[in-house]
$ cat work.pdb   # PDB, C-alpha atoms and all ligand atoms
ATOM      1  CA  MET A1306      34.114 -22.439  70.125
ATOM      2  CA  ASN A1307      37.176 -21.092  71.941
ATOM      3  CA  SER A1308      37.025 -17.552  73.196
ATOM      4  CA  PRO A1309      39.652 -15.383  71.525
ATOM      5  CA  ILE A1310      42.694 -14.287  73.521
ATOM      6  CA  MET A1311      42.596 -10.917  71.721
ATOM      7  CA  THR A1312      40.205  -8.982  69.508
ATOM      8  CA  GLY A1313      40.580  -5.627  67.799
ATOM      9  CA  GLU A1314      37.395  -3.679  67.180
ATOM     10  CA  GLY A1315      37.162  -0.845  64.661
ATOM     11  CA  LEU A1316      40.804   0.132  65.124
ATOM     12  CA  LYS A1317      41.967   3.320  63.490
ATOM     13  CA  LYS A1318      45.310   5.042  63.735
ATOM     14  CA  TYR A1319      45.520   8.349  61.913
ATOM     15  CA  PHE A1320      48.677  10.483  61.939
ATOM     16  CA  PRO A1321      48.463  14.196  61.171
ATOM     17  CA  ALA A1322      50.886  15.093  58.403
ATOM     18  CA  LYS A1323      51.819  18.102  56.336
ATOM     19  CA  GLY A1324      49.138  18.255  53.676
ATOM     20  CA  GLY A1325      46.579  15.973  55.317
ATOM     21  CA  VAL A1326      46.118  12.881  57.452
ATOM     22  CA  ILE A1327      47.816   9.513  57.063
ATOM     23  CA  LYS A1328      45.349   6.706  57.737
ATOM     24  CA  ALA A1329      47.951   4.122  58.765
ATOM     25  CA  VAL A1330      45.294   1.747  60.139
ATOM     26  CA  ASP A1331      41.687   2.287  59.114
ATOM     27  CA  GLU A1332      38.725   0.360  60.578
ATOM     28  CA  VAL A1333      40.577  -2.862  61.315
ATOM     29  CA  ASP A1334      38.838  -5.730  63.115
ATOM     30  CA  PHE A1335      40.705  -8.908  64.027
ATOM     31  CA  GLU A1336      40.469 -11.879  66.335
ATOM     32  CA  ILE A1337      43.218 -14.190  67.612
ATOM     33  CA  GLN A1338      42.514 -17.541  69.227
ATOM     34  CA  LYS A1339      44.710 -18.798  72.062
ATOM     35  CA  GLY A1340      47.654 -20.820  70.708
ATOM     36  CA  GLU A1341      47.169 -19.525  67.176
ATOM     37  CA  VAL A1342      49.717 -18.000  64.798
ATOM     38  CA  LEU A1343      48.062 -15.133  62.945
ATOM     39  CA  GLY A1344      50.184 -14.031  59.988
ATOM     40  CA  VAL A1345      49.705 -10.309  59.318
ATOM     41  CA  VAL A1346      51.087  -9.776  55.826
ATOM     42  CA  GLY A1347      51.551  -6.666  53.723
ATOM     43  CA  GLU A1348      53.986  -4.452  51.872
ATOM     44  CA  SER A1349      55.724  -1.511  53.474
ATOM     45  CA  GLY A1350      52.998   1.081  54.212
ATOM     46  CA  SER A1351      50.249  -1.519  54.685
ATOM     47  CA  GLY A1352      49.767  -0.643  58.378
ATOM     48  CA  LYS A1353      50.894  -4.006  59.770
ATOM     49  CA  THR A1354      53.637  -2.613  62.020
ATOM     50  CA  THR A1355      51.375   0.213  63.217
ATOM     51  CA  LEU A1356      48.850  -2.458  64.200
ATOM     52  CA  GLY A1357      51.586  -4.289  66.152
ATOM     53  CA  ASN A1358      52.524  -1.071  67.900
ATOM     54  CA  MET A1359      48.893  -0.499  68.912
ATOM     55  CA  ILE A1360      48.807  -3.984  70.437
ATOM     56  CA  MET A1361      51.966  -3.075  72.382
ATOM     57  CA  GLY A1362      50.523   0.242  73.553
ATOM     58  CA  VAL A1363      53.142   2.300  71.685
ATOM     59  CA  TYR A1364      50.500   4.043  69.577
ATOM     60  CA  PRO A1365      47.115   4.662  71.181
ATOM     61  CA  PRO A1366      44.368   4.114  68.583
ATOM     62  CA  THR A1367      42.619   7.164  67.140
ATOM     63  CA  SER A1368      39.452   5.150  67.765
ATOM     64  CA  GLY A1369      38.442   1.568  68.418
ATOM     65  CA  GLN A1370      39.713  -0.766  71.116
ATOM     66  CA  ILE A1371      41.609  -3.971  71.794
ATOM     67  CA  ILE A1372      40.188  -6.622  74.116
ATOM     68  CA  PHE A1373      42.669  -8.980  75.793
ATOM     69  CA  ASN A1374      41.450 -12.018  77.712
ATOM     70  CA  GLY A1375      37.971 -10.483  77.824
ATOM     71  CA  LYS A1376      39.091  -7.101  79.207
ATOM     72  CA  PRO A1377      39.696  -3.796  77.407
ATOM     73  CA  LEU A1378      43.423  -3.214  76.973
ATOM     74  CA  PRO A1379      44.436   0.320  78.029
ATOM     75  CA  SER A1380      45.608   2.023  74.870
ATOM     76  CA  ARG A1381      48.957   3.233  76.279
ATOM     77  CA  ALA A1382      51.510   0.785  77.691
ATOM     78  CA  LYS A1383      52.151   3.038  80.682
ATOM     79  CA  ASP A1384      48.498   2.717  81.740
ATOM     80  CA  ARG A1385      48.455  -1.091  81.584
ATOM     81  CA  PRO A1386      48.574  -3.143  84.785
ATOM     82  CA  VAL A1387      51.944  -4.905  85.273
ATOM     83  CA  GLN A1388      50.425  -8.335  84.698
ATOM     84  CA  MET A1389      48.959  -7.239  81.342
ATOM     85  CA  LYS A1390      52.354  -5.868  80.283
ATOM     86  CA  ARG A1391      54.020  -9.163  81.180
ATOM     87  CA  GLU A1392      51.479 -11.120  79.177
ATOM     88  CA  ILE A1393      52.076  -9.281  75.875
ATOM     89  CA  GLN A1394      55.640  -9.036  74.567
ATOM     90  CA  MET A1395      57.289  -8.148  71.270
ATOM     91  CA  VAL A1396      60.305  -9.292  69.268
ATOM     92  CA  PHE A1397      61.607  -6.619  66.919
ATOM     93  CA  GLN A1398      63.002  -6.824  63.423
ATOM     94  CA  ASN A1399      66.532  -5.687  64.151
ATOM     95  CA  PRO A1400      68.186  -7.425  67.119
ATOM     96  CA  ALA A1401      71.255  -5.173  66.806
ATOM     97  CA  SER A1402      69.242  -2.089  67.735
ATOM     98  CA  SER A1403      66.961  -3.797  70.258
ATOM     99  CA  LEU A1404      69.868  -4.848  72.543
ATOM    100  CA  ASN A1405      71.885  -2.316  74.546
ATOM    101  CA  PRO A1406      75.551  -2.742  73.508
ATOM    102  CA  LYS A1407      76.693  -1.858  77.048
ATOM    103  CA  ARG A1408      74.711  -4.654  78.682
ATOM    104  CA  SER A1409      75.802  -8.298  78.820
ATOM    105  CA  VAL A1410      73.284 -10.984  77.898
ATOM    106  CA  LYS A1411      72.730 -11.648  81.606
ATOM    107  CA  GLN A1412      72.079  -7.951  82.261
ATOM    108  CA  ALA A1413      69.677  -7.754  79.278
ATOM    109  CA  LEU A1414      67.690 -10.700  80.593
ATOM    110  CA  GLU A1415      67.801  -9.505  84.213
ATOM    111  CA  VAL A1416      65.708  -6.386  83.580
ATOM    112  CA  PRO A1417      62.371  -8.164  83.017
ATOM    113  CA  LEU A1418      63.316 -10.827  85.599
ATOM    114  CA  LYS A1419      63.541  -8.260  88.372
ATOM    115  CA  VAL A1420      59.763  -7.995  88.237
ATOM    116  CA  ASN A1421      59.030 -11.634  87.416
ATOM    117  CA  ARG A1422      61.438 -14.036  89.063
ATOM    118  CA  GLY A1423      58.958 -16.638  90.270
ATOM    119  CA  GLY A1424      61.140 -17.533  93.276
ATOM    120  CA  GLN A1425      64.178 -18.552  91.202
ATOM    121  CA  SER A1426      67.573 -16.940  91.449
ATOM    122  CA  VAL A1427      68.130 -14.507  88.600
ATOM    123  CA  ARG A1428      71.159 -16.431  87.306
ATOM    124  CA  GLN A1429      69.220 -19.700  87.367
ATOM    125  CA  ARG A1430      66.399 -18.152  85.319
ATOM    126  CA  VAL A1431      68.869 -16.524  82.885
ATOM    127  CA  TYR A1432      70.395 -19.959  82.242
ATOM    128  CA  GLU A1433      66.938 -21.467  81.797
ATOM    129  CA  LEU A1434      66.006 -18.779  79.243
ATOM    130  CA  LEU A1435      69.242 -19.313  77.298
ATOM    131  CA  GLU A1436      68.602 -23.060  77.187
ATOM    132  CA  LEU A1437      65.044 -22.401  75.997
ATOM    133  CA  VAL A1438      66.374 -20.534  72.945
ATOM    134  CA  GLU A1439      69.175 -23.068  72.391
ATOM    135  CA  LEU A1440      72.083 -20.817  73.370
ATOM    136  CA  PRO A1441      74.938 -22.069  75.601
ATOM    137  CA  VAL A1442      74.680 -20.799  79.194
ATOM    138  CA  GLU A1443      78.230 -19.371  78.880
ATOM    139  CA  TYR A1444      76.669 -16.684  76.654
ATOM    140  CA  ALA A1445      75.283 -15.039  79.805
ATOM    141  CA  ASP A1446      78.518 -13.069  80.186
ATOM    142  CA  ARG A1447      78.883 -12.046  76.551
ATOM    143  CA  TYR A1448      78.064  -8.631  75.098
ATOM    144  CA  PRO A1449      76.041  -8.004  71.899
ATOM    145  CA  GLU A1450      79.198  -7.206  69.890
ATOM    146  CA  GLU A1451      80.421 -10.749  70.609
ATOM    147  CA  LEU A1452      77.263 -12.318  69.128
ATOM    148  CA  GLY A1453      76.186 -13.016  65.548
ATOM    149  CA  GLY A1454      72.898 -11.608  64.193
ATOM    150  CA  GLY A1455      70.968 -14.826  64.793
ATOM    151  CA  GLU A1456      72.383 -15.154  68.327
ATOM    152  CA  LYS A1457      71.342 -11.577  69.110
ATOM    153  CA  GLN A1458      67.811 -12.361  67.924
ATOM    154  CA  LEU A1459      67.743 -15.470  70.132
ATOM    155  CA  VAL A1460      68.694 -13.277  73.112
ATOM    156  CA  ALA A1461      65.897 -10.857  72.150
ATOM    157  CA  ILE A1462      63.465 -13.801  72.049
ATOM    158  CA  ALA A1463      64.716 -14.993  75.469
ATOM    159  CA  ARG A1464      64.169 -11.484  76.838
ATOM    160  CA  ALA A1465      60.605 -11.439  75.501
ATOM    161  CA  LEU A1466      59.957 -14.787  77.201
ATOM    162  CA  ALA A1467      61.380 -13.694  80.561
ATOM    163  CA  THR A1468      58.007 -12.440  81.785
ATOM    164  CA  ASN A1469      56.142 -15.654  80.817
ATOM    165  CA  PRO A1470      53.975 -13.944  78.173
ATOM    166  CA  SER A1471      50.946 -15.576  76.590
ATOM    167  CA  LEU A1472      50.963 -13.472  73.386
ATOM    168  CA  VAL A1473      54.049 -12.367  71.455
ATOM    169  CA  VAL A1474      54.068  -9.894  68.564
ATOM    170  CA  LEU A1475      56.826 -10.933  66.141
ATOM    171  CA  ASP A1476      57.641  -7.954  63.931
ATOM    172  CA  GLU A1477      59.578  -9.309  60.928
ATOM    173  CA  PRO A1478      61.772 -11.360  63.317
ATOM    174  CA  THR A1479      63.957 -12.840  60.576
ATOM    175  CA  SER A1480      64.013 -10.262  57.793
ATOM    176  CA  ALA A1481      67.195  -8.522  59.037
ATOM    177  CA  LEU A1482      69.072 -11.842  59.278
ATOM    178  CA  ASP A1483      71.110 -13.903  56.818
ATOM    179  CA  VAL A1484      69.007 -16.417  54.930
ATOM    180  CA  SER A1485      71.202 -19.187  56.383
ATOM    181  CA  ILE A1486      70.017 -18.512  59.940
ATOM    182  CA  GLN A1487      66.385 -17.516  59.284
ATOM    183  CA  ALA A1488      65.204 -21.155  59.351
ATOM    184  CA  LYS A1489      66.920 -21.746  62.711
ATOM    185  CA  ILE A1490      65.118 -18.743  64.280
ATOM    186  CA  ILE A1491      61.754 -19.863  62.854
ATOM    187  CA  ASN A1492      62.292 -23.400  64.168
ATOM    188  CA  VAL A1493      63.091 -22.082  67.651
ATOM    189  CA  LEU A1494      60.024 -19.814  67.613
ATOM    190  CA  MET A1495      57.681 -22.621  66.554
ATOM    191  CA  ARG A1496      59.118 -25.065  69.094
ATOM    192  CA  LEU A1497      58.702 -22.463  71.856
ATOM    193  CA  LYS A1498      55.119 -21.785  70.792
ATOM    194  CA  ASP A1499      54.210 -25.445  71.270
ATOM    195  CA  LYS A1500      56.267 -25.926  74.443
ATOM    196  CA  LEU A1501      55.008 -22.777  76.187
ATOM    197  CA  GLY A1502      51.506 -22.551  74.675
ATOM    198  CA  LEU A1503      52.210 -19.145  73.131
ATOM    199  CA  THR A1504      50.043 -17.155  70.726
ATOM    200  CA  TYR A1505      51.860 -15.254  67.958
ATOM    201  CA  VAL A1506      50.927 -12.226  65.887
ATOM    202  CA  PHE A1507      53.504 -12.733  63.121
ATOM    203  CA  ILE A1508      54.005  -9.507  61.141
ATOM    204  CA  THR A1509      55.788 -10.034  57.839
ATOM    205  CA  HIS A1510      56.047  -9.071  54.183
ATOM    206  CA  ASN A1511      57.003 -12.700  53.415
ATOM    207  CA  LEU A1512      53.805 -14.436  52.337
ATOM    208  CA  SER A1513      55.715 -17.567  51.386
ATOM    209  CA  LEU A1514      56.895 -18.039  54.977
ATOM    210  CA  MET A1515      53.303 -17.971  56.247
ATOM    211  CA  ARG A1516      52.412 -21.131  54.324
ATOM    212  CA  ASN A1517      54.365 -23.209  56.851
ATOM    213  CA  VAL A1518      54.147 -21.048  59.950
ATOM    214  CA  SER A1519      50.701 -19.491  60.366
ATOM    215  CA  ASP A1520      47.278 -20.920  61.205
ATOM    216  CA  ARG A1521      45.511 -18.002  59.535
ATOM    217  CA  VAL A1522      46.662 -15.266  57.178
ATOM    218  CA  MET A1523      45.439 -11.673  57.291
ATOM    219  CA  ILE A1524      46.396  -9.506  54.298
ATOM    220  CA  MET A1525      46.663  -5.742  54.806
ATOM    221  CA  TYR A1526      46.920  -3.055  52.140
ATOM    222  CA  LEU A1527      47.000   0.701  52.776
ATOM    223  CA  GLY A1528      45.713   0.436  56.334
ATOM    224  CA  LYS A1529      42.857  -2.005  55.714
ATOM    225  CA  VAL A1530      42.354  -5.740  56.026
ATOM    226  CA  ARG A1531      41.765  -7.130  52.516
ATOM    227  CA  GLU A1532      41.510 -10.855  53.063
ATOM    228  CA  VAL A1533      41.521 -13.255  56.023
ATOM    229  CA  ALA A1534      41.314 -17.047  55.947
ATOM    230  CA  ALA A1535      42.770 -20.198  57.465
ATOM    231  CA  THR A1536      46.167 -20.820  55.866
ATOM    232  CA  GLU A1537      45.162 -23.906  53.888
ATOM    233  CA  GLU A1538      42.027 -22.246  52.496
ATOM    234  CA  PHE A1539      43.969 -19.026  51.854
ATOM    235  CA  PHE A1540      46.590 -20.681  49.642
ATOM    236  CA  ARG A1541      44.091 -23.053  47.996
ATOM    237  CA  ASN A1542      41.461 -20.416  47.216
ATOM    238  CA  PRO A1543      42.951 -16.904  47.210
ATOM    239  CA  LEU A1544      40.233 -14.396  46.297
ATOM    240  CA  HIS A1545      41.356 -10.780  46.507
ATOM    241  CA  PRO A1546      43.134  -9.508  43.367
ATOM    242  CA  TYR A1547      45.886  -8.063  45.581
ATOM    243  CA  THR A1548      46.411 -11.416  47.293
ATOM    244  CA  ARG A1549      46.457 -13.159  43.915
ATOM    245  CA  MET A1550      49.030 -10.662  42.657
ATOM    246  CA  LEU A1551      51.267 -11.345  45.672
ATOM    247  CA  LEU A1552      50.833 -15.117  45.425
ATOM    248  CA  SER A1553      51.558 -15.221  41.701
ATOM    249  CA  SER A1554      55.105 -14.047  42.311
ATOM    250  CA  ILE A1555      56.206 -16.107  45.334
ATOM    251  CA  PRO A1556      58.395 -19.180  44.994
ATOM    252  CA  VAL A1557      56.772 -22.582  45.547
ATOM    253  CA  VAL A1558      58.300 -25.912  46.530
ATOM    254  CA  THR A1559      55.824 -28.680  45.713
ATOM    255  CA  ASP A1560      53.791 -29.569  42.609
ATOM    256  CA  ALA A1561      50.582 -29.069  44.639
ATOM    257  CA  GLU A1562      51.696 -25.535  45.531
ATOM    258  CA  GLU A1563      52.530 -24.846  41.861
ATOM    259  CA  ALA A1564      49.082 -26.096  40.776
ATOM    260  CA  ALA A1565      47.359 -23.822  43.307
ATOM    261  CA  LYS A1566      49.370 -20.758  42.321
ATOM    262  CA  PRO A1567      47.457 -18.039  40.445
ATOM    263  CA  GLU A1568      48.690 -17.200  36.946
ATOM    264  CA  LYS A1569      51.435 -14.618  36.957
ATOM    265  CA  ILE A1570      49.853 -11.202  37.431
ATOM    266  CA  GLN A1571      51.971  -8.198  36.624
ATOM    267  CA  SER A1572      51.992  -5.586  39.352
ATOM    268  CA  MET A1573      50.421  -2.468  37.880
ATOM    269  CA  GLY A1574      52.242   0.461  39.408
ATOM    270  CA  GLU A1575      53.275   1.086  42.960
ATOM    271  CA  ILE A1576      51.387   1.284  46.248
ATOM    272  CA  ALA A1577      49.574   4.662  46.403
ATOM    273  CA  GLY A1578      50.982   7.438  48.580
ATOM    274  CA  ALA A1579      49.467   7.386  52.081
ATOM    275  CA  LEU A1580      48.431  11.040  51.739
ATOM    276  CA  ASP A1581      46.920  10.594  48.327
ATOM    277  CA  LEU A1582      44.625   7.570  48.514
ATOM    278  CA  PRO A1583      42.433   7.038  45.474
ATOM    279  CA  PRO A1584      38.669   7.165  46.103
ATOM    280  CA  GLY A1585      36.731   3.892  46.317
ATOM    281  CA  CYS A1586      38.875   0.781  46.650
ATOM    282  CA  SER A1587      42.415   2.056  47.263
ATOM    283  CA  PHE A1588      43.828  -0.892  45.288
ATOM    284  CA  ASN A1589      41.959   0.214  42.145
ATOM    285  CA  PRO A1590      44.938   1.883  40.335
ATOM    286  CA  ARG A1591      46.827  -1.433  40.466
ATOM    287  CA  CYS A1592      43.952  -3.846  39.916
ATOM    288  CA  SER A1593      43.530  -5.722  36.631
ATOM    289  CA  HIS A1594      39.824  -6.364  37.485
ATOM    290  CA  VAL A1595      38.910  -2.749  38.235
ATOM    291  CA  MET A1596      35.262  -1.805  37.518
ATOM    292  CA  ASP A1597      33.503   1.560  37.599
ATOM    293  CA  VAL A1598      32.111   0.899  41.079
ATOM    294  CA  CYS A1599      35.646   0.338  42.412
ATOM    295  CA  LYS A1600      36.511   3.987  41.729
ATOM    296  CA  THR A1601      33.759   5.371  43.925
ATOM    297  CA  VAL A1602      32.712   2.788  46.537
ATOM    298  CA  ASP A1603      35.093   1.302  49.099
ATOM    299  CA  PRO A1604      34.031  -2.360  49.424
ATOM    300  CA  PRO A1605      33.290  -3.735  52.901
ATOM    301  CA  LEU A1606      35.074  -6.778  54.331
ATOM    302  CA  LEU A1607      32.563  -9.640  53.975
ATOM    303  CA  GLU A1608      32.562 -13.334  54.792
ATOM    304  CA  VAL A1609      32.372 -14.511  51.189
ATOM    305  CA  ALA A1610      33.038 -18.208  51.924
ATOM    306  CA  PRO A1611      32.907 -20.026  55.278
ATOM    307  CA  GLN A1612      35.498 -18.396  57.573
ATOM    308  CA  HIS A1613      36.967 -16.557  54.558
ATOM    309  CA  TRP A1614      36.700 -12.758  54.488
ATOM    310  CA  CYS A1615      37.489 -10.483  51.546
ATOM    311  CA  ASP A1616      36.840  -6.832  50.664
ATOM    312  CA  CYS A1617      36.350  -6.668  46.927
ATOM    313  CA  HIS A1618      33.416  -5.824  44.641
ATOM    314  CA  LEU A1619      34.057  -9.075  42.753
ATOM    315  CA  TYR A1620      32.589 -10.900  45.761
ATOM    316  CA  PRO A1621      29.507  -8.909  46.699
ATOM    317  CA  LYS A1622      27.555 -11.655  48.403
ATOM    318  CA  GLU A1623      27.990 -12.180  52.102
ATOM    319  CA  PHE A1624      28.204 -15.872  53.034
ATOM    320  CA  LYS A1625      25.032 -17.062  54.711
ATOM    321  CA  PRO A1626      25.294 -20.457  56.399
ATOM    322  CA  THR A1627      22.508 -22.913  55.514
ATOM    323  CA  PRO A1628      20.067 -22.921  58.424
ATOM    324  CA  THR A1629      20.094 -26.225  60.298
ATOM    325  CA  ALA A1630      16.897 -27.776  61.594
TER
HETATM  326 FE1  LIG B1701      39.976  -4.665  42.216
HETATM  327 FE2  LIG B1701      37.625  -3.508  42.426
HETATM  328 FE3  LIG B1701      38.186  -5.628  43.921
HETATM  329 FE4  LIG B1701      39.362  -3.278  44.415
HETATM  330  S1  LIG B1701      37.181  -3.746  44.608
HETATM  331  S2  LIG B1701      40.354  -5.251  44.347
HETATM  332  S3  LIG B1701      39.618  -2.484  42.345
HETATM  333  S4  LIG B1701      37.993  -5.559  41.694
END

$ encode --input "work.pdb" --output "structure tokens" --more "lines below"
Ligand code: SF4
Amino acid sequence: MNSPIMTGEGLKKYFPAKGGVIKAVDEVDFEIQKGEVLGVVGESGSGKTTLGNMIMGVYPPTSGQIIFNGKPLPSRAKDRPVQMKREIQMVFQNPASSLNPKRSVKQALEVPLKVNRGGQSVRQRVYELLELVELPVEYADRYPEELGGGEKQLVAIARALATNPSLVVLDEPTSALDVSIQAKIINVLMRLKDKLGLTYVFITHNLSLMRNVSDRVMIMYLGKVREVAATEEFFRNPLHPYTRMLLSSIPVVTDAEEAAKPEKIQSMGEIAGALDLPPGCSFNPRCSHVMDVCKTVDPPLLEVAPQHWCDCHLYPKEFKPTPTA
């Protein structure tokens, strides 16, 4: 069994708000193996981006901790040793706002290189980074306004790679881009993962995309993890009613995918307000399987099939492996 590159233990992030407390992330545990793509999927308000920001040290957790390569990760980025900061990088959703319009591509890539040059000249490394993300080296002297959306995102990816990270948080890296260039960005990201041995935390609302990109899928809803499984098992045997609702409405390509798709489930209402969570299972106002117990008892996340976790009263039995002699 590989040791995980990162684990999150009992993570909570609560924000004080007028009229109460917003539980953006509430008791989240996760584990990421080295070289894995973990798809963190949820609607707006699910807590997935807050989780990414805790990994990056932008938001210190209210409680709980993150372990990285066997060591506790200081909760604030400013308290992290330089090497830890280099090892964990992020690519943001909107490349237009993540690049400084007054800096050329070379200048944007130089900033992280000043602390991590590895003996190369800066220009040499800038060219190498541009080639890695399949941009012409002449782009080094261009400014963001001279680049298309996809090209800007490739520069942002090159900048994230400048410090030779081992784990990259991808926060909706294609959702602000034209459909025509999304596939190109995904292809570059997956090629780089294999070439450089990267680990990705891939935050997205696009469950369909995860079928081809992730090794495991983790579904979040209103701050909690609802279901986690290896991608193949997840799409073959979705368990949580929320997951089944999401899956029933995504497009499929093959006959096998169509056969595995749950029957169309109408979404009942909208995601609850973060300040006004219903008691018990917070999905209960939208759930077509709701039972009395769901309105009072919040179900725990249990391993209900081998390596398949779900928090729902429909699956009350924790998986117990058969003892071997
Ligand atoms: Fe639905 Fe109850 Fe399961 Fe929540 S616990 S998803 S309300 S069946």

$ closest_residue --input "work.pdb" --among "A:Asp1520, A:Glu1532, A:Glu1608, A:Glu1563" --to "His1545 of chain A" --atoms "only C-alpha atoms"
A:Glu1532

$ residues_near_ligand --input "work.pdb" --ligand "ligand LIG 1701 (chain B)" --cutoff "8 Å" --atoms "only C-alpha atoms and all ligand atoms" --output "ChimeraX atom specification"
/A:1545-1547,1585-1596,1598-1600,1603-1604,1616-1620

$ resolve_selection --input "work.pdb" --expression "the PyMOL selection byres (((chain A and resi 1399-1404) around 10) and not hetatm)" --output "MDAnalysis selection string"
chainID A and resid 1396:1398 1405:1410 1413 1448:1450 1452:1462 1464 1476:1482

$ write_last_selection --input "work.pdb" --atoms "C-alpha atoms" --output "short mmCIF file (atom, residue, chain, number, x, y, z; two decimals), in the coordinates of the input"
data_model
loop_
_atom_site.label_atom_id
_atom_site.label_comp_id
_atom_site.auth_asym_id
_atom_site.auth_seq_id
_atom_site.Cartn_x
_atom_site.Cartn_y
_atom_site.Cartn_z
CA VAL A 1396 60.30 -9.29 69.27
CA PHE A 1397 61.61 -6.62 66.92
CA GLN A 1398 63.00 -6.82 63.42
CA ASN A 1405 71.89 -2.32 74.55
CA PRO A 1406 75.55 -2.74 73.51
CA LYS A 1407 76.69 -1.86 77.05
CA ARG A 1408 74.71 -4.65 78.68
CA SER A 1409 75.80 -8.30 78.82
CA VAL A 1410 73.28 -10.98 77.90
CA ALA A 1413 69.68 -7.75 79.28
CA TYR A 1448 78.06 -8.63 75.10
CA PRO A 1449 76.04 -8.00 71.90
CA GLU A 1450 79.20 -7.21 69.89
CA LEU A 1452 77.26 -12.32 69.13
CA GLY A 1453 76.19 -13.02 65.55
CA GLY A 1454 72.90 -11.61 64.19
CA GLY A 1455 70.97 -14.83 64.79
CA GLU A 1456 72.38 -15.15 68.33
CA LYS A 1457 71.34 -11.58 69.11
CA GLN A 1458 67.81 -12.36 67.92
CA LEU A 1459 67.74 -15.47 70.13
CA VAL A 1460 68.69 -13.28 73.11
CA ALA A 1461 65.90 -10.86 72.15
CA ILE A 1462 63.46 -13.80 72.05
CA ARG A 1464 64.17 -11.48 76.84
CA ASP A 1476 57.64 -7.95 63.93
CA GLU A 1477 59.58 -9.31 60.93
CA PRO A 1478 61.77 -11.36 63.32
CA THR A 1479 63.96 -12.84 60.58
CA SER A 1480 64.01 -10.26 57.79
CA ALA A 1481 67.19 -8.52 59.04
CA LEU A 1482 69.07 -11.84 59.28
#

$ residues_around --input "work.pdb" --residues "Asn1542 of chain A" --least-positions-apart "4" --cutoff "10 Å" --atoms "only C-alpha atoms" --output "PyMOL selection string"
chain A and resi 1534+1536-1538+1549+1565-1567+1610+1613

$ resolve_selection --input "work.pdb" --expression "the PyMOL selection byres (((chain A and resi 1365) around 8) and not hetatm)" --output "ChimeraX atom specification"
/A:1318,1359,1362-1364,1366-1367,1380-1381

$ closest_atom_pairs --input "work.pdb" --of "segment 1387-1501 of chain A" --to "segment 1337-1350 of chain A" --cutoff "12 Å" --atoms "all atoms listed in the file" --output "tab-separated table"
residue	atom	partner	partner_atom	distance
A:Pro1470	CA	A:Gly1340	CA	12.0
A:Ser1471	CA	A:Lys1339	CA	8.4
A:Leu1472	CA	A:Lys1339	CA	8.3
A:Val1473	CA	A:Val1342	CA	9.7
A:Val1474	CA	A:Leu1343	CA	9.8
A:Leu1475	CA	A:Gly1344	CA	9.6
A:Asp1476	CA	A:Val1345	CA	9.5
A:Glu1477	CA	A:Val1346	CA	9.9
A:Leu1494	CA	A:Val1342	CA	10.8
A:Met1495	CA	A:Val1342	CA	9.4
A:Leu1497	CA	A:Gly1340	CA	11.2
A:Lys1498	CA	A:Gly1340	CA	7.5
A:Asp1499	CA	A:Gly1340	CA	8.0
A:Lys1500	CA	A:Gly1340	CA	10.7
A:Leu1501	CA	A:Gly1340	CA	9.4

$ closest_residue --input "work.pdb" --among "A:Gly1324, A:Gly1357, A:Pro1417, A:Pro1441" --to "Asp1581 of chain A" --atoms "only C-alpha atoms"
A:Gly1324

$ residues_around --input "work.pdb" --residues "Ile1371 of chain A" --least-positions-apart "4" --cutoff "9 Å" --atoms "all atoms listed in the file" --output "PyMOL selection string"
chain A and resi 1311-1316+1359-1360+1376-1380

$ closest_residue --input "work.pdb" --among "A:Leu1582, A:Pro1621, A:Ala1382, A:Ile1490" --to "Leu1440 of chain A" --atoms "only C-alpha atoms"
A:Ile1490

$ atom_distance --input "work.pdb" --atom1 "atom CA of Glu1415 of chain A" --atom2 "atom CA of Met1389 of chain A"
19.2 Å

$ atom_distance --input "work.pdb" --atom1 "atom CA of Glu1392 of chain A" --atom2 "atom CA of Ala1329 of chain A"
25.7 Å

$ atom_distance --input "work.pdb" --atom1 "atom CA of Cys1615 of chain A" --atom2 "atom CA of Asp1331 of chain A"
15.4 Å

$ closest_residue --input "work.pdb" --among "A:Met1550, A:Glu1433, A:Tyr1319, A:Glu1623" --to "Pro1605 of chain A" --atoms "all atoms listed in the file"
A:Glu1623

$ closest_residue --input "work.pdb" --among "A:Lys1353, A:Pro1386, A:Leu1503, A:Val1533" --to "Trp1614 of chain A" --atoms "all atoms listed in the file"
A:Val1533
